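The next block is run_4.cif, given as mmCIF, C-alpha atoms.
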data_protein
loop_
_atom_site.label_atom_id
_atom_site.label_comp_id
_atom_site.auth_asym_id
_atom_site.auth_seq_id
_atom_site.Cartn_x
_atom_site.Cartn_y
_atom_site.Cartn_z
CA MET A 1 6.58 14.27 -22.13
CA ALA A 2 6.47 15.71 -18.63
CA GLU A 3 9.70 16.44 -16.80
CA ARG A 4 8.67 14.25 -13.86
CA PHE A 5 7.95 10.52 -13.92
CA ALA A 6 6.11 8.42 -11.33
CA ILE A 7 5.36 4.73 -10.81
CA ILE A 8 2.22 3.70 -8.94
CA THR A 9 1.69 0.03 -8.09
CA GLY A 10 -1.66 -1.54 -7.30
CA ALA A 11 -3.21 1.26 -9.34
CA SER A 12 -6.23 -0.44 -10.91
CA THR A 13 -8.61 0.36 -8.03
CA GLY A 14 -8.81 1.83 -4.54
CA ILE A 15 -6.04 3.86 -2.95
CA GLY A 16 -3.62 3.13 -5.78
CA PHE A 17 -6.08 4.40 -8.38
CA GLU A 18 -6.52 7.61 -6.42
CA LEU A 19 -2.75 8.06 -6.00
CA ALA A 20 -2.26 7.64 -9.75
CA SER A 21 -4.95 10.24 -10.39
CA LEU A 22 -3.19 12.66 -8.05
CA ALA A 23 0.17 12.08 -9.75
CA ALA A 24 -1.32 12.66 -13.19
CA ARG A 25 -3.17 15.77 -12.05
CA ASN A 26 0.02 17.13 -10.55
CA GLY A 27 2.00 16.97 -13.77
CA TYR A 28 3.69 13.57 -13.67
CA ASP A 29 3.97 11.11 -16.50
CA ILE A 30 2.96 7.84 -14.90
CA LEU A 31 3.55 4.12 -15.24
CA VAL A 32 0.75 2.26 -13.50
CA VAL A 33 0.81 -1.43 -12.68
CA ALA A 34 -1.53 -4.05 -11.25
CA ASP A 35 -1.89 -7.81 -11.42
CA GLU A 36 -5.15 -7.68 -13.39
CA PRO A 37 -6.28 -6.54 -16.87
CA LEU A 38 -8.37 -3.77 -15.28
CA ILE A 39 -5.20 -1.67 -15.18
CA GLU A 40 -5.75 -0.83 -18.87
CA ALA A 41 -9.16 0.69 -18.14
CA ALA A 42 -7.69 2.64 -15.24
CA ALA A 43 -4.94 3.98 -17.49
CA ALA A 44 -7.55 5.27 -19.95
CA ASP A 45 -9.08 7.26 -17.10
CA PHE A 46 -5.72 8.76 -16.10
CA ARG A 47 -5.10 10.02 -19.66
CA GLN A 48 -7.78 12.68 -19.21
CA TYR A 49 -5.20 14.77 -17.35
CA GLY A 50 -3.08 15.24 -20.48
CA HIS A 51 0.16 13.56 -19.42
CA GLY A 52 1.88 10.38 -20.50
CA VAL A 53 0.35 7.19 -19.12
CA ASP A 54 1.70 3.66 -19.57
CA ALA A 55 0.06 0.60 -18.06
CA LEU A 56 1.50 -2.78 -17.19
CA GLU A 57 -0.11 -5.96 -15.95
CA ALA A 58 2.43 -7.68 -13.70
CA ASP A 59 2.58 -9.79 -10.55
CA LEU A 60 4.84 -7.94 -8.13
CA SER A 61 5.08 -10.81 -5.66
CA SER A 62 8.40 -11.90 -7.16
CA PRO A 63 11.68 -10.24 -8.19
CA GLU A 64 10.86 -11.27 -11.76
CA GLY A 65 7.64 -9.26 -11.69
CA VAL A 66 9.42 -6.25 -10.23
CA ASP A 67 12.14 -6.53 -12.88
CA LYS A 68 9.41 -6.55 -15.53
CA LEU A 69 8.05 -3.31 -14.06
CA LEU A 70 11.45 -1.65 -13.96
CA ALA A 71 12.18 -2.70 -17.54
CA ALA A 72 8.95 -0.95 -18.59
CA THR A 73 10.44 2.39 -17.48
CA ASN A 74 12.83 2.16 -20.47
CA GLY A 75 15.57 3.61 -18.32
CA ARG A 76 13.68 6.75 -17.40
CA THR A 77 14.55 8.38 -14.07
CA ILE A 78 11.95 7.58 -11.41
CA ASP A 79 11.12 10.79 -9.55
CA LEU A 80 8.31 9.33 -7.48
CA LEU A 81 7.28 5.83 -6.45
CA CYS A 82 4.01 4.92 -4.79
CA ALA A 83 4.57 1.36 -3.57
CA ASN A 84 0.94 0.55 -2.95
CA ALA A 85 0.50 -3.02 -4.23
CA GLY A 86 -0.66 -5.37 -1.52
CA ARG A 87 -2.72 -8.46 -0.88
CA GLY A 88 -5.05 -9.32 2.00
CA LEU A 89 -6.43 -12.59 3.31
CA GLY A 90 -9.09 -13.35 5.88
CA HIS A 91 -10.07 -16.48 7.86
CA ALA A 92 -8.13 -18.45 10.45
CA PHE A 93 -4.49 -19.11 9.63
CA LEU A 94 -4.87 -22.87 10.14
CA ASP A 95 -7.62 -22.89 7.49
CA GLN A 96 -5.65 -20.98 4.87
CA ALA A 97 -3.99 -22.71 1.94
CA VAL A 98 -0.21 -22.40 1.95
CA ASP A 99 -0.19 -20.86 -1.53
CA ASP A 100 -2.69 -18.21 -0.40
CA TRP A 101 -0.77 -16.98 2.65
CA ARG A 102 2.53 -17.19 0.81
CA ALA A 103 1.11 -14.88 -1.86
CA VAL A 104 0.37 -12.32 0.87
CA VAL A 105 3.91 -12.54 2.26
CA GLU A 106 5.55 -12.44 -1.14
CA THR A 107 3.49 -9.50 -2.40
CA ASN A 108 3.48 -7.37 0.72
CA ILE A 109 7.04 -8.09 1.88
CA THR A 110 9.27 -9.68 -0.78
CA GLY A 111 8.04 -7.70 -3.77
CA THR A 112 7.83 -4.42 -1.88
CA ALA A 113 11.29 -4.75 -0.33
CA TYR A 114 12.89 -5.65 -3.67
CA LEU A 115 11.18 -2.76 -5.47
CA LEU A 116 12.28 -0.28 -2.81
CA GLN A 117 15.85 -1.56 -2.88
CA LYS A 118 16.07 -1.17 -6.65
CA VAL A 119 14.45 2.27 -6.83
CA LEU A 120 16.02 3.80 -3.72
CA LYS A 121 19.56 2.95 -4.82
CA ASP A 122 19.25 5.31 -7.78
CA MET A 123 17.43 7.97 -5.78
CA VAL A 124 20.07 8.00 -3.04
CA ALA A 125 22.89 8.06 -5.62
CA ARG A 126 21.52 11.25 -7.16
CA ASN A 127 20.11 12.57 -3.83
CA ASP A 128 16.66 13.15 -5.25
CA GLY A 129 13.34 11.30 -5.18
CA LYS A 130 10.14 10.63 -3.29
CA VAL A 131 8.68 7.29 -2.15
CA LEU A 132 5.28 6.64 -0.62
CA VAL A 133 4.74 3.18 0.86
CA THR A 134 1.28 1.98 1.82
CA GLY A 135 1.64 0.45 5.26
CA SER A 136 -1.31 0.12 7.63
CA ILE A 137 -2.41 0.66 11.20
CA ALA A 138 -2.94 -3.13 11.02
CA GLY A 139 0.80 -3.36 11.62
CA TYR A 140 0.20 -2.25 15.21
CA ILE A 141 -2.49 -4.85 15.93
CA PRO A 142 -2.20 -8.66 16.27
CA GLY A 143 -4.69 -9.56 13.55
CA ALA A 144 -6.75 -12.52 14.67
CA PHE A 145 -8.28 -13.94 11.46
CA GLN A 146 -5.94 -11.74 9.44
CA ALA A 147 -2.76 -12.95 11.12
CA VAL A 148 -0.49 -13.09 8.07
CA TYR A 149 -1.73 -9.82 6.57
CA ASN A 150 -1.30 -7.83 9.78
CA GLY A 151 2.10 -9.45 10.27
CA THR A 152 3.23 -8.27 6.83
CA LYS A 153 2.10 -4.75 7.60
CA ALA A 154 4.01 -4.82 10.90
CA PHE A 155 7.06 -5.63 8.78
CA ILE A 156 6.37 -2.75 6.39
CA ASP A 157 5.80 -0.19 9.15
CA SER A 158 9.06 -1.20 10.85
CA PHE A 159 10.99 -1.60 7.59
CA VAL A 160 10.12 1.88 6.33
CA ALA A 161 11.13 3.49 9.63
CA ALA A 162 14.46 1.67 9.49
CA LEU A 163 15.09 2.75 5.89
CA GLN A 164 14.36 6.33 6.78
CA ASN A 165 17.16 6.21 9.31
CA GLU A 166 19.57 4.40 6.99
CA ILE A 167 19.27 7.04 4.25
CA LYS A 168 18.90 10.08 6.49
CA ASP A 169 22.03 11.68 5.00
CA ALA A 170 20.38 11.70 1.56
CA ASP A 171 18.30 14.73 2.44
CA GLY A 172 16.92 14.99 -1.10
CA VAL A 173 15.17 11.63 -0.77
CA THR A 174 11.88 11.29 1.10
CA ILE A 175 10.20 8.06 2.23
CA THR A 176 6.70 8.38 3.67
CA ASN A 177 4.64 5.61 5.25
CA LEU A 178 0.91 5.94 4.60
CA MET A 179 -1.01 4.04 7.27
CA PRO A 180 -4.73 3.76 6.56
CA GLY A 181 -7.33 1.84 8.47
CA PRO A 182 -10.24 -0.06 6.91
CA THR A 183 -10.90 1.62 3.56
CA ASP A 184 -13.77 1.25 1.11
CA THR A 185 -11.95 -0.73 -1.58
CA GLU A 186 -12.05 -4.19 -3.17
CA PHE A 187 -9.59 -5.37 -0.48
CA PHE A 188 -12.24 -7.14 1.58
CA ALA A 189 -13.88 -8.91 -1.36
CA ARG A 190 -10.53 -10.08 -2.70
CA GLY A 191 -9.46 -11.26 0.75
CA ASP A 192 -12.70 -13.25 1.24
CA MET A 193 -13.80 -11.07 4.16
CA LEU A 194 -17.32 -10.07 3.14
CA ASP A 195 -18.74 -12.25 5.93
CA THR A 196 -17.00 -10.17 8.60
CA ASP A 197 -17.96 -7.11 10.60
CA VAL A 198 -15.09 -5.05 9.17
CA GLY A 199 -15.76 -6.20 5.63
CA THR A 200 -19.38 -5.08 5.74
CA ASP A 201 -18.87 -1.91 7.78
CA PRO A 202 -20.57 0.92 5.84
CA HIS A 203 -18.36 3.54 7.48
CA LYS A 204 -15.00 2.59 6.04
CA ASP A 205 -12.72 5.40 4.91
CA ASP A 206 -12.91 6.98 1.45
CA PRO A 207 -9.91 5.87 -0.66
CA ALA A 208 -9.70 9.32 -2.28
CA LYS A 209 -9.32 10.92 1.16
CA VAL A 210 -6.74 8.34 2.23
CA ALA A 211 -4.73 8.90 -0.95
CA ALA A 212 -4.89 12.67 -0.51
CA ASP A 213 -3.60 12.36 3.05
CA GLY A 214 -0.71 10.24 1.82
CA TRP A 215 0.07 12.56 -1.08
CA ASP A 216 0.09 15.66 1.11
CA ALA A 217 2.36 13.97 3.66
CA LEU A 218 4.72 12.87 0.89
CA MET A 219 4.92 16.34 -0.61
CA ASP A 220 5.54 17.79 2.87
CA GLY A 221 8.37 15.33 3.49
CA LYS A 222 6.70 13.65 6.46
CA ALA A 223 7.93 10.29 7.69
CA ALA A 224 4.46 8.85 8.25
CA VAL A 225 0.79 9.68 8.25
CA VAL A 226 -2.17 7.85 9.75
CA SER A 227 -5.25 8.67 7.70
CA GLY A 228 -8.44 9.37 9.65
CA TRP A 229 -8.91 10.48 13.24
CA LYS A 230 -10.35 7.12 14.36
CA ASN A 231 -7.29 5.38 13.00
CA LYS A 232 -4.97 7.89 14.67
CA LEU A 233 -6.63 7.09 17.99
CA GLN A 234 -6.47 3.33 17.39
CA SER A 235 -2.79 3.39 16.46
CA ALA A 236 -1.99 5.49 19.54
CA VAL A 237 -3.77 3.26 22.04
CA ALA A 238 -2.30 0.13 20.42
CA ASN A 239 1.01 1.05 22.02
CA VAL A 240 -0.40 0.69 25.53
CA ILE A 241 -3.04 -2.05 25.23
CA PRO A 242 -1.79 -5.64 25.78
CA ASN A 243 -1.48 -7.77 22.64
CA ALA A 244 -3.98 -10.33 23.92
CA VAL A 245 -6.62 -7.62 24.27
CA LEU A 246 -5.85 -6.20 20.83
CA ALA A 247 -6.10 -9.65 19.26
CA GLU A 248 -9.47 -10.26 20.90
CA GLN A 249 -10.74 -6.88 19.68
CA HIS A 250 -9.56 -7.69 16.16
CA ARG A 251 -11.27 -11.08 16.33
CA LYS A 252 -14.61 -9.38 16.94
CA MET A 253 -14.42 -7.54 13.64
CA ALA A 254 -12.50 -10.03 11.45
CA GLU A 255 -13.80 -13.47 12.44
CA PRO A 256 -15.92 -15.07 9.70
CA GLY A 257 -19.62 -14.78 10.52
CA THR A 258 -19.36 -11.56 12.50
CA ALA A 259 -21.19 -9.74 9.71
CA ASP A 260 -24.34 -11.44 10.96
CA ASP A 261 -24.02 -10.12 14.52
#
Give the structure from the file, written as structure tokens.
Amino acid sequence: MAERFAIITGASTGIGFELASLAARNGYDILVVADEPLIEAAAADFRQYGHGVDALEADLSSPEGVDKLLAATNGRTIDLLCANAGRGLGHAFLDQAVDDWRAVVETNITGTAYLLQKVLKDMVARNDGKVLVTGSIAGYIPGAFQAVYNGTKAFIDSFVAALQNEIKDADGVTITNLMPGPTDTEFFARGDMLDTDVGTDPHKDDPAKVAADGWDALMDGKAAVVSGWKNKLQSAVANVIPNAVLAEQHRKMAEPGTADD
């Protein structure tokens, strides 16, 4: 058993898979979780690095799912948490089923906030621990045709910055916000966005590179990192461009049917 223990959520594919690989390669025992059976296959891949790997299928959109995850630690001290689980959703808000957009809110906001509250309490009490939260540059942009998703990421980006200030006296605890842009993962298929310009863009970022940027920032104790120079530019100009213009720009890449243009 390794001395250090990490939890990675949303670890079956994409950025979460790459973060779990980095944790395992860097000497952590890991507990990986996702809301699909594929997490077991991912765990088998992580075991190649020679450290302890446990997998859990759980829905982290509710406190009950988060409690299930925490119970699976068997009381072990959590040295590192990668709170990466998230859910996307495309199409116009007025066309979305209530259950669908609620699942986005409850996964991205409710589940994430509850998990951070539970884990950070212990970290702050012992003045030791690292947390990486997957936010998004989408939090800076009014997301026409991804209105709820972008709104949840605006919450996360703001929430993490506020937490960093609240626990600033616990100098042994680090919270880092990883803010990627469009990344080549299953996100767009799962969010029903394969008929959009952004969903079919062949130049999306590599999830391994995004995860590496987040990992390096976390290890360096940085408050936040925007992965990719295009995304750095977009997040910077978002602070000066009017919201109406940003929303119209987002519409051009996220409106259903734009993949045909």
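Here CA of Ser21 (chain A) stands at a distance of 15.2 Å from CA of Met219 (chain A).
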Name all residues at most 9 Å from Leu80 (chain A) (count all atoms listed in the file; drop same-chain ones fewer than 3 positions away) and give them as a compact mmCIF listing (two decimals) with C-alpha atoms, in the frame of the given file.
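result_21.txt written:
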# COMPACT_ATOMS: atom_id res chain seq x y z
CA ARG A 4 8.67 14.25 -13.86
CA PHE A 5 7.95 10.52 -13.92
CA ALA A 6 6.11 8.42 -11.33
CA ILE A 7 5.36 4.73 -10.81
CA ILE A 8 2.22 3.70 -8.94
CA ALA A 23 0.17 12.08 -9.75
CA TYR A 28 3.69 13.57 -13.67
CA GLY A 129 13.34 11.30 -5.18
CA LYS A 130 10.14 10.63 -3.29
CA VAL A 131 8.68 7.29 -2.15
CA LEU A 132 5.28 6.64 -0.62
- Message: I'd like the interatomic distance between CA of Lys168 (chain A) and CA of Gly27 (chain A), to a tenth of an Å.
- Response: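 That distance, rounded to one decimal, is 27.3 Å.
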- Query: When distances are computed from only C-alpha atoms, which of A:Ile109, A:Ala259, A:Ala11, A:Ala238 shows the smallest separation from Asp197 (chain A)?
  - Reply: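 Nearest candidate to Asp197 (chain A) out of A:Ile109, A:Ala259, A:Ala11, A:Ala238: A:Ala259.
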Counting only C-alpha atoms, which residues of region 4-114 of chain A sit at most 7 Å from some atom of region 182-192 of chain A, and what is each one's closest atom pair with its distance in Å to one decimal, listed by chain and rising residue number, as a tab-separated table?
residue	atom	partner	partner_atom	distance
A:Gly14	CA	A:Thr185	CA	5.0
A:Gly88	CA	A:Gly191	CA	5.0
A:Leu89	CA	A:Gly191	CA	4.2
A:Gly90	CA	A:Gly191	CA	5.6
- For the structure shown, which residues end up in the PyMOL selection byres ((chain A and resi 136-138) around 7)? Put them as an NGL selection string, please? :A and (134-135 or 139-141 or 150 or 153 or 178-181 or 235)
Taking the partial coordinates given, rebuild region 231-250 of chain A to contain N, CA, C and O atoms; return it as a PDB file, in the frame of the given file.
ATOM      1  N   ASN A 231      -8.478   6.216  13.153  1.00  0.00           N
ATOM      2  CA  ASN A 231      -7.290   5.380  13.000  1.00  0.00           C
ATOM      3  C   ASN A 231      -6.104   5.943  13.781  1.00  0.00           C
ATOM      4  O   ASN A 231      -5.274   5.191  14.305  1.00  0.00           O
ATOM      5  N   LYS A 232      -6.020   7.268  13.848  1.00  0.00           N
ATOM      6  CA  LYS A 232      -4.970   7.890  14.670  1.00  0.00           C
ATOM      7  C   LYS A 232      -5.129   7.471  16.125  1.00  0.00           C
ATOM      8  O   LYS A 232      -4.146   7.134  16.814  1.00  0.00           O
ATOM      9  N   LEU A 233      -6.361   7.482  16.605  1.00  0.00           N
ATOM     10  CA  LEU A 233      -6.630   7.090  17.990  1.00  0.00           C
ATOM     11  C   LEU A 233      -6.297   5.612  18.200  1.00  0.00           C
ATOM     12  O   LEU A 233      -5.651   5.237  19.192  1.00  0.00           O
ATOM     13  N   GLN A 234      -6.707   4.773  17.249  1.00  0.00           N
ATOM     14  CA  GLN A 234      -6.470   3.330  17.390  1.00  0.00           C
ATOM     15  C   GLN A 234      -4.986   3.003  17.385  1.00  0.00           C
ATOM     16  O   GLN A 234      -4.521   2.179  18.170  1.00  0.00           O
ATOM     17  N   SER A 235      -4.229   3.667  16.519  1.00  0.00           N
ATOM     18  CA  SER A 235      -2.790   3.390  16.460  1.00  0.00           C
ATOM     19  C   SER A 235      -2.091   3.879  17.723  1.00  0.00           C
ATOM     20  O   SER A 235      -1.116   3.277  18.180  1.00  0.00           O
ATOM     21  N   ALA A 236      -2.605   4.962  18.319  1.00  0.00           N
ATOM     22  CA  ALA A 236      -1.990   5.490  19.540  1.00  0.00           C
ATOM     23  C   ALA A 236      -2.229   4.559  20.724  1.00  0.00           C
ATOM     24  O   ALA A 236      -1.302   4.238  21.479  1.00  0.00           O
ATOM     25  N   VAL A 237      -3.464   4.103  20.881  1.00  0.00           N
ATOM     26  CA  VAL A 237      -3.770   3.260  22.040  1.00  0.00           C
ATOM     27  C   VAL A 237      -3.180   1.852  21.880  1.00  0.00           C
ATOM     28  O   VAL A 237      -2.982   1.146  22.868  1.00  0.00           O
ATOM     29  N   ALA A 238      -2.882   1.461  20.633  1.00  0.00           N
ATOM     30  CA  ALA A 238      -2.300   0.130  20.420  1.00  0.00           C
ATOM     31  C   ALA A 238      -0.946  -0.018  21.101  1.00  0.00           C
ATOM     32  O   ALA A 238      -0.510  -1.134  21.395  1.00  0.00           O
ATOM     33  N   ASN A 239      -0.302   1.102  21.367  1.00  0.00           N
ATOM     34  CA  ASN A 239       1.010   1.050  22.020  1.00  0.00           C
ATOM     35  C   ASN A 239       0.922   0.773  23.516  1.00  0.00           C
ATOM     36  O   ASN A 239       1.939   0.467  24.142  1.00  0.00           O
ATOM     37  N   VAL A 240      -0.265   0.879  24.084  1.00  0.00           N
ATOM     38  CA  VAL A 240      -0.400   0.690  25.530  1.00  0.00           C
ATOM     39  C   VAL A 240      -1.334  -0.467  25.904  1.00  0.00           C
ATOM     40  O   VAL A 240      -1.334  -0.908  27.045  1.00  0.00           O
ATOM     41  N   ILE A 241      -2.124  -0.949  24.949  1.00  0.00           N
ATOM     42  CA  ILE A 241      -3.040  -2.050  25.230  1.00  0.00           C
ATOM     43  C   ILE A 241      -2.310  -3.382  25.029  1.00  0.00           C
ATOM     44  O   ILE A 241      -1.600  -3.555  24.044  1.00  0.00           O
ATOM     45  N   PRO A 242      -2.466  -4.339  25.936  1.00  0.00           N
ATOM     46  CA  PRO A 242      -1.790  -5.640  25.780  1.00  0.00           C
ATOM     47  C   PRO A 242      -2.186  -6.332  24.476  1.00  0.00           C
ATOM     48  O   PRO A 242      -3.325  -6.214  24.010  1.00  0.00           O
ATOM     49  N   ASN A 243      -1.242  -7.087  23.908  1.00  0.00           N
ATOM     50  CA  ASN A 243      -1.480  -7.770  22.640  1.00  0.00           C
ATOM     51  C   ASN A 243      -2.679  -8.711  22.696  1.00  0.00           C
ATOM     52  O   ASN A 243      -3.430  -8.834  21.720  1.00  0.00           O
ATOM     53  N   ALA A 244      -2.859  -9.400  23.815  1.00  0.00           N
ATOM     54  CA  ALA A 244      -3.980 -10.330  23.920  1.00  0.00           C
ATOM     55  C   ALA A 244      -5.317  -9.613  23.793  1.00  0.00           C
ATOM     56  O   ALA A 244      -6.265 -10.122  23.183  1.00  0.00           O
ATOM     57  N   VAL A 245      -5.382  -8.405  24.352  1.00  0.00           N
ATOM     58  CA  VAL A 245      -6.620  -7.620  24.270  1.00  0.00           C
ATOM     59  C   VAL A 245      -6.820  -7.126  22.842  1.00  0.00           C
ATOM     60  O   VAL A 245      -7.928  -7.171  22.293  1.00  0.00           O
ATOM     61  N   LEU A 246      -5.751  -6.658  22.208  1.00  0.00           N
ATOM     62  CA  LEU A 246      -5.850  -6.200  20.830  1.00  0.00           C
ATOM     63  C   LEU A 246      -6.292  -7.319  19.899  1.00  0.00           C
ATOM     64  O   LEU A 246      -7.123  -7.109  19.007  1.00  0.00           O
ATOM     65  N   ALA A 247      -5.739  -8.511  20.097  1.00  0.00           N
ATOM     66  CA  ALA A 247      -6.100  -9.650  19.260  1.00  0.00           C
ATOM     67  C   ALA A 247      -7.571 -10.007  19.428  1.00  0.00           C
ATOM     68  O   ALA A 247      -8.264 -10.333  18.452  1.00  0.00           O
ATOM     69  N   GLU A 248      -8.066  -9.949  20.663  1.00  0.00           N
ATOM     70  CA  GLU A 248      -9.470 -10.260  20.900  1.00  0.00           C
ATOM     71  C   GLU A 248     -10.376  -9.206  20.259  1.00  0.00           C
ATOM     72  O   GLU A 248     -11.426  -9.535  19.683  1.00  0.00           O
ATOM     73  N   GLN A 249      -9.974  -7.943  20.331  1.00  0.00           N
ATOM     74  CA  GLN A 249     -10.740  -6.880  19.680  1.00  0.00           C
ATOM     75  C   GLN A 249     -10.774  -7.086  18.165  1.00  0.00           C
ATOM     76  O   GLN A 249     -11.806  -6.902  17.516  1.00  0.00           O
ATOM     77  N   HIS A 250      -9.626  -7.464  17.611  1.00  0.00           N
ATOM     78  CA  HIS A 250      -9.560  -7.690  16.160  1.00  0.00           C
ATOM     79  C   HIS A 250     -10.430  -8.878  15.763  1.00  0.00           C
ATOM     80  O   HIS A 250     -11.085  -8.860  14.720  1.00  0.00           O
TER      81      HIS A 250
END
